[in-house]
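Visitor: Below is the file target33.csv, which contains CSV, C-alpha atoms.
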```
chain,number,residue,atom,x,y,z
A,1,MET,CA,-30.6,30.4,-1.5
A,2,GLU,CA,-30.1,27.1,0.3
A,3,PHE,CA,-31.6,23.9,-0.9
A,4,ASP,CA,-33.6,21.4,0.9
A,5,LYS,CA,-31.3,19.0,2.8
A,6,GLY,CA,-32.7,15.9,1.2
A,7,LEU,CA,-32.2,17.2,-2.3
A,8,ILE,CA,-28.6,17.9,-1.6
A,9,GLY,CA,-28.1,14.5,0.0
A,10,GLY,CA,-29.4,12.8,-3.1
A,11,SER,CA,-27.0,14.6,-5.4
A,12,THR,CA,-23.9,15.0,-3.3
A,13,VAL,CA,-22.4,11.8,-4.8
A,14,LEU,CA,-22.9,13.3,-8.3
A,15,LEU,CA,-21.3,16.6,-7.3
A,16,ILE,CA,-18.3,15.0,-5.6
A,17,LEU,CA,-17.6,12.5,-8.3
A,18,SER,CA,-17.9,15.3,-10.9
A,19,LEU,CA,-15.3,17.4,-9.0
A,20,LEU,CA,-13.0,14.4,-8.7
A,21,GLU,CA,-13.4,13.6,-12.4
A,22,GLU,CA,-11.5,16.8,-13.1
A,23,THR,CA,-8.6,16.3,-10.8
A,24,ASP,CA,-7.6,14.6,-7.5
A,25,ARG,CA,-8.8,16.6,-4.6
A,26,TYR,CA,-8.7,16.6,-0.8
A,27,GLY,CA,-11.7,17.1,1.5
A,28,TYR,CA,-11.3,20.8,2.2
A,29,GLU,CA,-10.8,21.6,-1.4
A,30,ILE,CA,-14.0,19.7,-2.4
A,31,ILE,CA,-16.0,21.8,0.1
A,32,ARG,CA,-14.5,25.1,-1.2
A,33,GLU,CA,-15.2,24.1,-4.8
A,34,LEU,CA,-18.8,23.1,-4.0
A,35,GLU,CA,-19.4,26.4,-2.3
A,36,SER,CA,-17.8,28.6,-4.8
A,37,ARG,CA,-19.2,26.9,-7.9
A,38,SER,CA,-22.7,26.9,-6.5
A,39,ASP,CA,-22.5,30.5,-5.3
A,40,ARG,CA,-22.7,29.2,-1.8
A,41,ALA,CA,-26.0,27.4,-2.4
A,42,PHE,CA,-24.4,24.1,-1.4
A,43,GLN,CA,-23.2,24.6,2.1
A,44,LEU,CA,-23.1,21.2,3.7
A,45,LYS,CA,-21.9,20.7,7.2
A,46,GLU,CA,-18.2,20.2,6.3
A,47,GLY,CA,-17.6,17.3,8.5
A,48,THR,CA,-20.4,15.3,6.9
A,49,LEU,CA,-18.4,15.2,3.6
A,50,TYR,CA,-16.1,12.6,5.1
A,51,PRO,CA,-18.6,9.9,5.7
A,52,ILE,CA,-19.6,10.4,2.1
A,53,LEU,CA,-16.1,10.2,0.8
A,54,HIS,CA,-15.4,7.1,2.9
A,55,LYS,CA,-18.5,5.5,1.6
A,56,LEU,CA,-17.4,6.3,-2.0
A,57,GLU,CA,-14.1,4.7,-1.2
A,58,ASN,CA,-15.8,1.6,0.3
A,59,ASP,CA,-17.9,1.3,-2.8
A,60,GLY,CA,-14.8,1.4,-4.9
A,61,TYR,CA,-15.7,4.7,-6.7
A,62,VAL,CA,-12.7,6.6,-5.3
A,63,GLU,CA,-9.3,5.8,-3.9
A,64,SER,CA,-7.3,7.8,-1.4
A,65,TYR,CA,-3.7,8.6,-0.9
A,66,LYS,CA,-1.6,10.9,1.2
A,67,ALA,CA,0.6,13.6,-0.3
A,68,LYS,CA,2.1,16.9,0.8
A,69,GLY,CA,0.2,20.1,-0.2
A,70,GLU,CA,1.4,23.7,0.0
A,71,ARG,CA,2.8,24.7,3.3
A,72,GLY,CA,4.2,21.2,3.6
A,73,ARG,CA,1.1,19.7,5.1
A,74,ASP,CA,0.1,16.1,4.5
A,75,ARG,CA,-3.3,15.8,2.9
A,76,LYS,CA,-5.5,12.9,2.0
A,77,TYR,CA,-6.3,13.1,-1.6
A,78,TYR,CA,-9.2,11.3,-3.4
A,79,LYS,CA,-9.0,10.0,-6.9
A,80,ILE,CA,-11.9,8.8,-9.0
A,81,THR,CA,-11.6,5.1,-10.1
A,82,ARG,CA,-12.8,3.6,-13.3
A,83,ASN,CA,-15.8,2.3,-11.4
A,84,GLY,CA,-16.4,5.8,-10.1
A,85,LYS,CA,-16.5,7.2,-13.6
A,86,ARG,CA,-19.1,4.6,-14.6
A,87,GLN,CA,-21.1,5.5,-11.5
A,88,LEU,CA,-20.8,9.2,-12.3
A,89,ALA,CA,-22.2,8.6,-15.8
A,90,LYS,CA,-25.2,6.8,-14.3
A,91,GLU,CA,-25.7,9.5,-11.7
A,92,LYS,CA,-25.6,12.2,-14.4
A,93,GLU,CA,-28.2,10.4,-16.4
A,94,GLN,CA,-30.5,9.9,-13.4
A,95,TRP,CA,-30.1,13.6,-12.5
A,96,GLU,CA,-30.9,14.7,-16.0
A,97,LYS,CA,-34.0,12.5,-16.1
A,98,PHE,CA,-35.0,13.8,-12.6
A,99,SER,CA,-34.6,17.4,-13.4
A,100,MET,CA,-36.4,17.0,-16.7
A,101,SER,CA,-39.3,15.5,-14.9
A,102,VAL,CA,-39.4,18.2,-12.4
A,103,ASN,CA,-39.3,20.8,-15.1
A,104,LYS,CA,-42.1,19.1,-17.0
A,105,VAL,CA,-44.3,19.3,-13.9
A,106,ILE,CA,-43.5,22.9,-12.9
A,107,GLY,CA,-43.6,24.6,-16.2
A,108,GLY,CA,-42.9,22.9,-19.5
A,109,GLU,CA,-39.9,21.8,-21.4
A,110,LEU,CA,-38.4,25.2,-21.5
A,111,TYR,CA,-36.7,24.8,-18.1
A,112,ALA,CA,-35.2,21.5,-19.0
A,113,THR,CA,-32.8,23.0,-21.4
A,114,ASP,CA,-32.5,26.4,-19.7
B,1,MET,CA,-1.6,27.8,19.8
B,2,PRO,CA,-3.4,25.3,22.1
B,3,LEU,CA,-6.0,23.5,20.0
B,4,THR,CA,-8.1,22.2,22.8
B,5,LYS,CA,-11.4,22.8,21.0
B,6,VAL,CA,-10.1,21.0,18.0
B,7,ASP,CA,-9.0,18.1,20.2
B,8,LYS,CA,-12.3,18.0,21.9
B,9,PHE,CA,-14.1,17.9,18.6
B,10,LEU,CA,-11.9,15.1,17.3
B,11,GLU,CA,-12.3,13.1,20.5
B,12,ASP,CA,-16.1,13.5,20.2
B,13,VAL,CA,-16.1,12.2,16.7
B,14,LEU,CA,-13.7,9.3,17.4
B,15,SER,CA,-15.7,8.2,20.5
B,16,HIS,CA,-18.3,6.9,18.1
B,17,ILE,CA,-15.9,4.9,16.0
B,18,LYS,CA,-15.6,1.3,17.1
B,19,PHE,CA,-13.0,0.0,14.7
B,20,PRO,CA,-9.7,1.1,16.3
B,21,PHE,CA,-7.5,0.9,13.2
B,22,VAL,CA,-9.2,3.7,11.4
B,23,LYS,CA,-9.1,6.2,14.2
B,24,ASP,CA,-5.7,7.7,13.4
B,25,ASP,CA,-6.6,8.1,9.8
B,26,ILE,CA,-9.9,9.8,10.5
B,27,SER,CA,-8.4,12.1,13.1
B,28,PHE,CA,-5.7,13.1,10.7
B,29,GLU,CA,-8.1,13.9,7.9
B,30,LEU,CA,-10.6,15.9,10.0
B,31,GLU,CA,-7.8,17.8,11.8
B,32,SER,CA,-6.1,18.8,8.6
B,33,HIS,CA,-9.5,20.1,7.3
B,34,ILE,CA,-10.1,22.1,10.5
B,35,LEU,CA,-6.5,23.5,10.4
B,36,GLU,CA,-7.0,24.7,6.8
B,37,LYS,CA,-10.3,26.3,7.7
B,38,ILE,CA,-8.7,28.1,10.7
B,39,ASP,CA,-6.0,29.5,8.3
B,40,TYR,CA,-8.8,30.6,6.0
B,41,TYR,CA,-10.6,32.5,8.8
B,42,MET,CA,-7.4,34.0,10.1
B,43,GLU,CA,-6.6,35.3,6.6
B,44,GLN,CA,-10.1,36.9,6.8
B,45,GLY,CA,-8.9,38.8,9.9
B,46,TYR,CA,-10.3,36.7,12.7
B,47,ASP,CA,-8.2,36.0,15.7
B,48,SER,CA,-7.1,32.5,16.3
B,49,GLU,CA,-9.6,31.7,19.0
B,50,LYS,CA,-12.5,32.9,16.9
B,51,ALA,CA,-11.1,31.2,13.8
B,52,GLU,CA,-11.0,28.0,15.7
B,53,GLU,CA,-14.5,28.4,17.0
B,54,LEU,CA,-15.9,29.1,13.6
B,55,SER,CA,-14.0,26.3,11.9
B,56,ILE,CA,-15.4,23.8,14.3
B,57,ARG,CA,-18.9,25.2,13.9
B,58,ASP,CA,-18.6,24.7,10.2
B,59,MET,CA,-17.7,21.1,10.6
B,60,GLY,CA,-21.2,20.3,12.0
B,61,ASP,CA,-22.2,18.0,14.8
B,62,ALA,CA,-19.4,15.7,16.0
B,63,LYS,CA,-21.8,13.0,17.1
B,64,GLU,CA,-23.5,12.9,13.7
B,65,ILE,CA,-20.2,12.8,11.9
B,66,GLY,CA,-18.9,10.1,14.2
B,67,ILE,CA,-22.0,7.9,13.8
B,68,LEU,CA,-21.9,8.3,10.0
B,69,LEU,CA,-18.2,7.5,9.8
B,70,ASN,CA,-18.6,4.5,12.1
B,71,LYS,CA,-21.2,3.1,9.7
B,72,GLN,CA,-18.5,3.2,7.0
B,73,HIS,CA,-16.0,1.5,9.1
B,74,ASN,CA,-18.0,-1.4,10.4
B,75,PRO,CA,-16.0,-3.1,13.1
B,76,PHE,CA,-17.3,-6.5,12.1
B,77,LEU,CA,-16.3,-6.1,8.5
B,78,GLY,CA,-13.1,-4.4,9.5
B,79,TRP,CA,-12.1,-7.2,11.8
B,80,LEU,CA,-13.1,-9.7,9.2
B,81,LEU,CA,-10.9,-8.0,6.7
B,82,LYS,CA,-8.0,-7.8,9.2
B,83,ILE,CA,-8.5,-11.4,10.1
B,84,THR,CA,-8.7,-12.5,6.4
B,85,ASN,CA,-5.6,-10.5,5.7
B,86,GLY,CA,-3.9,-12.1,8.6
B,87,MET,CA,-5.0,-15.5,7.5
B,88,MET,CA,-3.8,-14.8,4.0
B,89,ILE,CA,-0.3,-14.0,5.3
B,90,PHE,CA,-0.5,-17.0,7.6
B,91,PHE,CA,-1.4,-19.3,4.6
B,92,ILE,CA,1.2,-17.8,2.4
B,93,ILE,CA,3.9,-18.4,5.1
B,94,LEU,CA,2.5,-21.9,5.6
B,95,ASN,CA,2.7,-22.5,1.9
B,96,ILE,CA,6.2,-21.3,1.6
B,97,TYR,CA,7.1,-23.5,4.5
B,98,PHE,CA,5.5,-26.7,3.4
B,99,ALA,CA,5.6,-26.3,-0.4
B,100,GLY,CA,8.1,-23.6,-1.2
B,101,ILE,CA,11.0,-24.7,1.0
B,102,PRO,CA,11.0,-28.4,-0.1
B,103,PHE,CA,10.6,-27.2,-3.7
B,104,ILE,CA,13.5,-24.7,-3.4
B,105,SER,CA,15.7,-27.1,-1.5
B,106,SER,CA,14.9,-29.9,-4.0
B,107,LEU,CA,16.5,-27.6,-6.6
B,108,PHE,CA,19.7,-27.4,-4.6
B,109,SER,CA,19.7,-30.8,-2.9
B,110,LYS,CA,20.2,-32.5,-6.2
B,111,ASN,CA,23.8,-33.2,-5.6
B,112,PRO,CA,25.5,-33.1,-9.0
B,113,ILE,CA,27.8,-35.8,-7.9
B,114,ASN,CA,25.0,-38.3,-7.9
B,115,THR,CA,24.2,-37.5,-11.6
B,116,ILE,CA,27.7,-38.3,-12.7
B,117,PRO,CA,28.2,-41.9,-13.7
B,118,LYS,CA,30.3,-43.7,-11.1
B,119,GLU,CA,33.0,-44.6,-13.6
B,120,ASP,CA,33.6,-40.9,-14.4
B,121,ILE,CA,34.4,-40.0,-10.8
B,122,VAL,CA,38.1,-40.0,-10.5
B,123,TYR,CA,38.7,-38.8,-7.0
B,124,LYS,CA,36.4,-38.1,-4.2
B,125,ILE,CA,37.9,-36.7,-1.0
B,126,ASP,CA,35.6,-35.8,1.9
B,127,ILE,CA,36.9,-33.0,4.0
B,128,ASN,CA,35.0,-32.7,7.3
B,129,ASP,CA,36.2,-29.2,8.2
B,130,ASP,CA,33.8,-26.2,8.3
B,131,LYS,CA,36.8,-23.9,8.2
B,132,ILE,CA,37.6,-24.7,4.7
B,133,LYS,CA,36.2,-22.0,2.4
B,134,LYS,CA,38.1,-22.7,-0.8
B,135,ILE,CA,39.6,-25.7,-2.4
B,136,GLN,CA,42.2,-25.6,-5.1
B,137,ILE,CA,43.3,-28.7,-7.0
B,138,THR,CA,46.2,-29.0,-9.3
B,139,LEU,CA,46.5,-31.6,-12.1
B,140,ASN,CA,49.7,-33.2,-13.1
B,141,ASN,CA,50.0,-31.0,-16.1
B,142,GLY,CA,49.9,-27.9,-13.9
B,143,GLU,CA,46.3,-26.9,-14.5
B,144,THR,CA,44.5,-25.6,-11.4
B,145,PHE,CA,40.8,-25.5,-10.5
B,146,THR,CA,39.4,-23.5,-7.6
B,147,GLU,CA,36.0,-23.8,-6.1
B,148,THR,CA,34.5,-21.7,-3.3
B,149,GLU,CA,30.9,-22.9,-3.6
B,150,PHE,CA,29.4,-25.9,-1.9
B,151,TYR,CA,27.2,-28.5,-3.4
B,152,GLU,CA,25.6,-29.7,-0.3
B,153,ASP,CA,28.7,-30.5,1.8
B,154,LEU,CA,31.0,-31.0,-1.2
B,155,PHE,CA,33.3,-29.0,-3.3
B,156,LEU,CA,32.8,-30.4,-6.7
B,157,PHE,CA,35.3,-30.4,-9.6
B,158,ALA,CA,34.8,-31.9,-13.0
B,159,TRP,CA,37.3,-32.2,-15.7
B,160,GLU,CA,37.7,-34.6,-18.6
B,161,VAL,CA,40.5,-37.1,-18.6
B,162,ASP,CA,40.4,-37.2,-22.4
B,163,ASN,CA,44.1,-37.8,-23.2
B,164,GLU,CA,45.4,-40.9,-21.6
B,165,GLU,CA,49.0,-40.2,-22.5
B,166,GLN,CA,49.3,-36.6,-21.3
B,167,GLY,CA,47.1,-37.3,-18.3
B,168,ARG,CA,45.3,-34.5,-16.6
B,169,TYR,CA,45.4,-36.5,-13.5
B,170,PHE,CA,44.7,-35.2,-10.1
B,171,ASN,CA,48.0,-34.2,-8.4
B,172,ASN,CA,47.4,-32.3,-5.3
B,173,ILE,CA,44.7,-30.5,-3.3
B,174,LYS,CA,44.8,-27.5,-1.0
B,175,GLY,CA,42.2,-26.3,1.4
B,176,TYR,CA,42.0,-22.6,2.3
B,177,ASP,CA,40.3,-21.0,5.3
B,178,SER,CA,38.5,-17.6,5.2
B,179,ASN,CA,41.8,-15.8,5.5
B,180,ASN,CA,43.1,-17.6,2.4
B,181,ASN,CA,45.7,-19.6,4.4
B,182,VAL,CA,46.3,-23.2,3.4
B,183,ILE,CA,45.1,-25.3,6.3
B,184,PHE,CA,44.9,-28.6,4.4
B,185,GLN,CA,47.0,-30.2,1.8
B,186,ASP,CA,47.3,-33.6,0.3
B,187,GLU,CA,49.1,-35.1,-2.7
B,188,TYR,CA,48.2,-38.1,-4.8
```
Could you render the structure as structure tokens?

Guide:
Amino acid sequence: MEFDKGLIGGSTVLLILSLLEETDRYGYEIIRELESRSDRAFQLKEGTLYPILHKLENDGYVESYKAKGERGRDRKYYKITRNGKRQLAKEKEQWEKFSMSVNKVIGGELYATD
Amino acid sequence: MPLTKVDKFLEDVLSHIKFPFVKDDISFELESHILEKIDYYMEQGYDSEKAEELSIRDMGDAKEIGILLNKQHNPFLGWLLKITNGMMIFFIILNIYFAGIPFISSLFSKNPINTIPKEDIVYKIDINDDKIKKIQITLNNGETFTETEFYEDLFLFAWEVDNEEQGRYFNNIKGYDSNNNVIFQDEY
């Protein structure tokens, strides 16, 4: 199942910040995590992740640094900032409200906690 | 393995980025992503050419990525930031020059000899010779003092002439060069 593009667009920030809250990650890793955790439902065009990451960095929600990964390759890692954590909390709350509202419309409270 | 397709993709993306200082960084980041993806496909059994093709396909549209990235690296703001950074450095240097140096040099230019009351200065010998790196003086009771540091252009020695009978008077002076040879000598 693939989601509507707009819907993914709205929540990518939430997803990325959540992944970065667990640990510092580099772009390719973020894509793989998104895919595997969503059973491949989130398959965004991989290159479009970078404008989002750079925006998050410009907004001060993440910071980046270079470090060597396995195979000795340099990678650019992203790390969530304190501001980013605050934003994540907000985004989570918004998402919960949103999904609750959708569930109310489509079939009652049951889905909200499902 | 020639990565012509990867290079082409990177070039396409970068052609939309107006701010030159971020190009290397973006190129590095996208390239390392594609290389990892190529590895992934090759581990799945694809040959390198197919792996490269699939990896680039997965990236999406180079133009779209380029335009979106360019929005995040606005040349106007980028230049403004560069210029403000430059100005900051310029002003810091200016400050060091106009405020810092006079301040620092004022700390050193206070020649201690000027703070000593005139009546306490026993001898003052000016030696106008840059070669002199060390001065040693001997008092009449055999005590010696050596000094290798300048205060402005003076070697400064201070001792108390506390016992009039025994003395502690200045007796002789020797000036040494950098090889520790005596090149100046005088007796009182």

Visitor: Per residue of chain B within 8 Å of chain A, which atom pair is closest and at what distance in Å (one decimal), using only C-alpha atoms, listed by chain and increasing number, as a tab-separated table?

Guide:
```
residue	atom	partner	partner_atom	distance
B:Glu29	CA	A:Lys76	CA	6.5
B:Leu30	CA	A:Gly47	CA	7.3
B:Ser32	CA	A:Arg75	CA	7.0
B:His33	CA	A:Tyr28	CA	5.5
B:Glu36	CA	A:Tyr28	CA	7.4
B:Lys37	CA	A:Tyr28	CA	7.8
B:Asp58	CA	A:Glu46	CA	6.0
B:Met59	CA	A:Gly47	CA	4.3
B:Gly60	CA	A:Lys45	CA	4.9
B:Asp61	CA	A:Gly47	CA	7.8
B:Ala62	CA	A:Gly47	CA	7.9
B:Glu64	CA	A:Thr48	CA	7.8
B:Ile65	CA	A:Thr48	CA	5.6
B:Leu68	CA	A:Pro51	CA	5.7
B:Leu69	CA	A:Pro51	CA	4.8
B:Gln72	CA	A:Lys55	CA	5.9
```

Visitor: Restrict the selected residues to C-alpha atoms and save them as a short mmCIF file (atom, residue, chain, number, x, y, z; two decimals), in the coordinates of the input.

Guide:
```
data_model
loop_
_atom_site.label_atom_id
_atom_site.label_comp_id
_atom_site.auth_asym_id
_atom_site.auth_seq_id
_atom_site.Cartn_x
_atom_site.Cartn_y
_atom_site.Cartn_z
CA GLU B 29 -8.10 13.90 7.90
CA LEU B 30 -10.60 15.90 10.00
CA SER B 32 -6.10 18.80 8.60
CA HIS B 33 -9.50 20.10 7.30
CA GLU B 36 -7.00 24.70 6.80
CA LYS B 37 -10.30 26.30 7.70
CA ASP B 58 -18.60 24.70 10.20
CA MET B 59 -17.70 21.10 10.60
CA GLY B 60 -21.20 20.30 12.00
CA ASP B 61 -22.20 18.00 14.80
CA ALA B 62 -19.40 15.70 16.00
CA GLU B 64 -23.50 12.90 13.70
CA ILE B 65 -20.20 12.80 11.90
CA LEU B 68 -21.90 8.30 10.00
CA LEU B 69 -18.20 7.50 9.80
CA GLN B 72 -18.50 3.20 7.00
#
```

Visitor: How far is it from atom CA of Glu31 of chain B to atom CA of Gly69 of chain A, in Å with one decimal?

Guide: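 Atom CA of Gly69 of chain A lies 14.6 Å from atom CA of Glu31 of chain B.
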
Visitor: Rounded to one decimal in Å, what is the spacing between atom CA of Tyr176 of chain B and atom CA of Ile137 of chain B?

Guide: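 Calculated distance between atom CA of Tyr176 of chain B and atom CA of Ile137 of chain B is 11.2 Å.
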
Visitor: Could you tell me how far atom CA of Leu81 of chain B lies from atom CA of Gly60 of chain A, in Å and to one decimal?

Guide: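 Pair atom CA of Leu81 of chain B / atom CA of Gly60 of chain A returns 15.4 Å.
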
Visitor: Please determine, counting only C-alpha atoms, which residue among B:Lys5, B:Ile135, B:Met88, B:Glu187 has the shortest atom-to-atom distance to Lys50 of chain B.

Guide: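 Under the stated criterion, the closest residue is B:Lys5.
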
Visitor: Using only C-alpha atoms for the distances, tell me which of B:Ser55, B:Asn70, B:Ser178, B:Thr146 is nearest to His16 of chain B.

Guide: B:Asn70

Visitor: Quick one: of A:Leu19, A:Leu14, A:Glu35, A:Ala67, who's nearest to Gln94 of chain A, counting all atoms listed in the file?

Guide: A:Leu14

Visitor: For Trp95 of chain A, please output as a ChimeraX atom specification all residues within 8 Å (counting only C-alpha atoms; exclusion window: fewer than 4 positions along the same chain).

Guide: /A:11,91,99

Visitor: Contacts of Glu143 of chain B at 10 Å or less, counting only C-alpha atoms, minus same-chain residues fewer than 5 places along, as a list of chain:residue names?

Guide: B:Ile137, B:Thr138, B:Arg168, B:Tyr169, B:Phe170, B:Asn171

Visitor: Kindly provide, as a PDB file with C-alpha atoms, in the frame of the given file, the polymer residues lying within 9 Å of (-15.9, 23.7, -12.9), counting only C-alpha atoms and using the coordinates exactly as they appear in the file.

Guide:
```pdb
ATOM      1  CA  SER A  18     -17.900  15.300 -10.900  1.00  0.00           C
ATOM      2  CA  LEU A  19     -15.300  17.400  -9.000  1.00  0.00           C
ATOM      3  CA  GLU A  22     -11.500  16.800 -13.100  1.00  0.00           C
ATOM      4  CA  GLU A  33     -15.200  24.100  -4.800  1.00  0.00           C
ATOM      5  CA  ARG A  37     -19.200  26.900  -7.900  1.00  0.00           C
TER       6      ARG A  37
END
```

Visitor: Rank nothing, just name the residue among B:Tyr41, B:Tyr46, B:Phe9, B:Trp79 nearest to Phe21 of chain B, using only C-alpha atoms.

Guide: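 When distances to Phe21 of chain B are compared using only C-alpha atoms, the smallest one comes from B:Trp79.
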
Visitor: Please determine the residues with any atom at most 6 Å from (-6.7, 11.9, -6.1) (coordinates as given in the file, with only C-alpha atoms counting) and report them as a PDB file with C-alpha atoms, in the coordinates of the input.

Guide:
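Written output follows (result-v6.pdb):
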```
ATOM      1  CA  ASP A  24      -7.600  14.600  -7.500  1.00  0.00           C
ATOM      2  CA  ARG A  25      -8.800  16.600  -4.600  1.00  0.00           C
ATOM      3  CA  TYR A  77      -6.300  13.100  -1.600  1.00  0.00           C
ATOM      4  CA  TYR A  78      -9.200  11.300  -3.400  1.00  0.00           C
ATOM      5  CA  LYS A  79      -9.000  10.000  -6.900  1.00  0.00           C
TER       6      LYS A  79
END
```

Visitor: Between B:Leu14, B:Ile89, B:Tyr97, B:Tyr40, which one has atoms that come closest to Leu54 of chain B, using only C-alpha atoms?

Guide: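 Nearest candidate to Leu54 of chain B out of B:Leu14, B:Ile89, B:Tyr97, B:Tyr40: B:Tyr40.
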